[in-house]
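Novice: Questions regarding the structure given below will be posed in turn.
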Amino acid sequence: MTTTETAGAILTIDLDVIKSNYKRLCQELNGTPCAAVVKADGYGLGVEPVAKALWDAGARTFFIAQIDEGIELRQILPDADIHVLVGFLHDSDAAYADYNLIPVLNTLDQIKRWNNRARCDLHVDTGMTRLGLSLDEVNQLPAGLGFDVLMTHLACADEKDHPLTHQQIRDFRQVREQISYKRASLSNSAGIFTGPEAHFDLGRPGCALYGINPTPHLPNPMGNPVRLQAKVLQVHEIDSQTSVGYGATHALKAGQQLATLALGYADGYLRSLSSKGVVYIGDQPAPVVGRVSMDVTSIDVTGLDCVEGQLVDVIGPHNPPDQLADKAGTIGYEILTSLGGRYMRVYRSG
Ligand SMILES: Cc1ncc(COP(=O)(O)O)c(C=O)c1O
């Protein structure tokens, strides 16, 4: 059991921010119901506290990727509707029945094997070419089938006015005419912000719940629930020319001051942040110098007040996940889902 004294870094998740993000998405959907995507351990933030918070905020329909995630979520939320995106895998009959899970059927074979035995969804591929029935296969569907959620997934919703988004909405409208279903669902987080024509009957956001900007071309309408603080292990006064870290990639001059932090790529602080990342001491930026290694990362604290044992902000108000992602050459989703297992995790609520 890690404590503030023994932990190298502390990850604090504000569940109230996640709840208010859910409510903000409901507001944007303007009366259209809103599901919650909590796959990959609630986008790295911890599926149990996150799913419970979303339930408290009013979410009743949940999407996860894997069957095992569905089994885990069933113990957390006994009364939720749990939809499983990977679909009806071979020999998964008992898991679906025992845990009352709803498969998102992706292929004609899955539809045949499921054989209308219980509630199920249908995923139609309108342009992602990842999972789901092609538009041609929709024409081959046997008569008499009914689905709970009829869904498709947008490939480019985060790019303003992308032609593929408009095409996918048109194709999905057409598909709805051919299939019997209860709720049509197209919008991920970014889709919700493209406007009412993308809303249909059910929103399906993930990343925006966790503070990732669903409108990258505009200021972020969501709150950031994540704060990651790393401990200073050692402070170095540099008194002659030298270098720091593996590969000696970063030269140091006399007079510089360095601090070594207790987090590295094993904690999800990506190696691509080597000499690129920035952490904050209060509201003062301190750049990462040299290569991020497995357990430690060095920062330049010249001119800043910095002492052994102090906590610095790796993710926080000045450096939210999207900003870190930009510096690492990735997306906020990867920053969150890479958050490591060694952190002391603190959940705030109320
Ligand atoms: C099928 C499906 N629907 C919804 C989502 C949620 O997307 P986002 O996190 O962009 O809101 C995902 C996420 O990858 C997905 O795969």
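Identifiers for the structure tokens are assigned positionally: chains receive A, B, ... in sequence, residues are indexed from 1 per chain, and ligands are indexed from 1 in the order shown.
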Give the residue list for ligand 1 at 9 Å, counting only C-alpha atoms and all ligand atoms, as a ChimeraX atom specification, sorted by chain and then by residue number.

Specialist: /A:36-39,43,63-65,85,123,131,151-154,157-158,185-192,203-210,212,214,333

Novice: Leaving out Val50 of chain A and any residue of its chain fewer than 5 positions from it, which residues lie within 9 Å of it when counting only C-alpha atoms, given as a list in words?

Specialist: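 Counting only the stated atoms, we get Leu15, Ile18, Lys19, Val38, Asp41, Gly42, Leu45 and Trp55 of chain A.
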
Novice: Per DSSP on the backbone, what are the alpha helix (DSSP H) residues of segment 155-301 of chain A, as number ranges by chain?

Specialist: A: 163-178, 189-192

Novice: Considering only C-alpha atoms, state which residue in the set A:Thr260, A:Ser293, A:Thr302, A:Gln229 is at the smallest distance from Ser272 of chain A.

Specialist: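 Between A:Thr260, A:Ser293, A:Thr302, A:Gln229, the residue approaching Ser272 of chain A most closely is A:Ser293.
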
Novice: Using only C-alpha atoms, which protein or nucleic acid residues come within 6 Å of Asp121 of chain A? Drop anything in the same chain fewer than 4 positions from it, and give the result as a list in words.

Specialist: Val104, Leu105, Phe147, Asp148, Val149 and Leu150 of chain A

Novice: I want to know what sits within 8 Å of Pro321 of chain A, based on only C-alpha atoms, with residues of the same chain fewer than 5 positions away left out; could you give that as a list in words?

Specialist: Ile212, Ile315, Gly332, Ile335 and Leu336 of chain A

Novice: Since we have the selection now, will you write its residues out, keeping N, CA and C atoms, as an mmCIF file, in the first residue's frame?

Specialist:
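Contents of selection_26.cif, freshly written:
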```cif
data_model
loop_
_atom_site.group_PDB
_atom_site.id
_atom_site.type_symbol
_atom_site.label_atom_id
_atom_site.label_comp_id
_atom_site.auth_asym_id
_atom_site.auth_seq_id
_atom_site.Cartn_x
_atom_site.Cartn_y
_atom_site.Cartn_z
ATOM 1 N N ILE A 212 -10.328 15.325 -22.234
ATOM 2 C CA ILE A 212 -9.678 15.534 -23.535
ATOM 3 C C ILE A 212 -10.560 16.475 -24.364
ATOM 4 N N ILE A 315 1.177 16.611 -14.708
ATOM 5 C CA ILE A 315 -0.089 16.930 -15.378
ATOM 6 C C ILE A 315 -0.868 17.777 -14.378
ATOM 7 N N GLY A 332 -4.048 12.893 -26.394
ATOM 8 C CA GLY A 332 -4.371 12.829 -24.966
ATOM 9 C C GLY A 332 -4.830 11.451 -24.531
ATOM 10 N N ILE A 335 -1.881 9.451 -23.538
ATOM 11 C CA ILE A 335 -1.307 9.922 -22.261
ATOM 12 C C ILE A 335 -2.115 9.307 -21.106
ATOM 13 N N LEU A 336 -3.449 9.391 -21.187
ATOM 14 C CA LEU A 336 -4.278 8.891 -20.076
ATOM 15 C C LEU A 336 -4.191 7.370 -19.950
#
```

Novice: If you run DSSP on the backbone here, which positions in segment 144-301 of chain A get strand (DSSP E)? Please write them as a PyMOL selection string.

Specialist: chain A and resi 146-151+180-185+226-237+242-244+250-252+257-261+278-281+284-287+297-300

Novice: Using only C-alpha atoms, which residues sit within 12 Å of Asp125 of chain A once same-chain residues fewer than 3 positions away are excluded, as a list in words?

Specialist: Leu105, Asn106, Thr107, Leu122, Met128, Thr129, Arg130, Leu131, Gly132, Leu133, Ser134, Leu135, Asp136, Glu137, Val138, Leu150, Met151, Thr152, His153, Leu154, Ala155, Gln167, Gln168, Ile169, Asp171, Phe172, Val175 and Leu186 of chain A

Novice: Need to verify the contact set: Tyr343 of chain A, 6 Å, only C-alpha atoms, exclusion of same-chain residues closer than 4 positions in sequence. Can you return it as a list in words?

Specialist: Ala9, Ile10 and Leu11 of chain A

Novice: Between A:Leu339, A:Met222, A:Ala184, A:Leu141, which one has atoms that come closest to Glu28 of chain A, using only C-alpha atoms?

Specialist: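 Checking each of A:Leu339, A:Met222, A:Ala184, A:Leu141 against Glu28 of chain A, counting only C-alpha atoms, the winner is A:Met222.
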
Novice: As an exercise, work out the distance from atom CA of Pro320 of chain A to atom CA of Ala57 of chain A in Å and give it to one decimal place.

Specialist: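 Here the two named atoms are 23.2 Å from each other.
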
Novice: Excluding Leu202 of chain A and residues on its chain fewer than 4 positions from it, collect all residues at most 7 Å away from it, counting only C-alpha atoms, and give them as a PyMOL selection string.

Specialist: chain A and resi 32-35+183-185

Novice: For Pro216 of chain A, which residue out of A:Arg348, A:Arg24, A:Lys160, A:Arg74 is the nearest one, using only C-alpha atoms?

Specialist: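 Distance minimum relative to Pro216 of chain A lands on A:Lys160.
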
Novice: What does the structure give for the distance between atom CA of Ala51 of chain A and atom CA of Gly350 of chain A, in Å to one decimal?

Specialist: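 Calculated distance between atom CA of Ala51 of chain A and atom CA of Gly350 of chain A is 16.0 Å.
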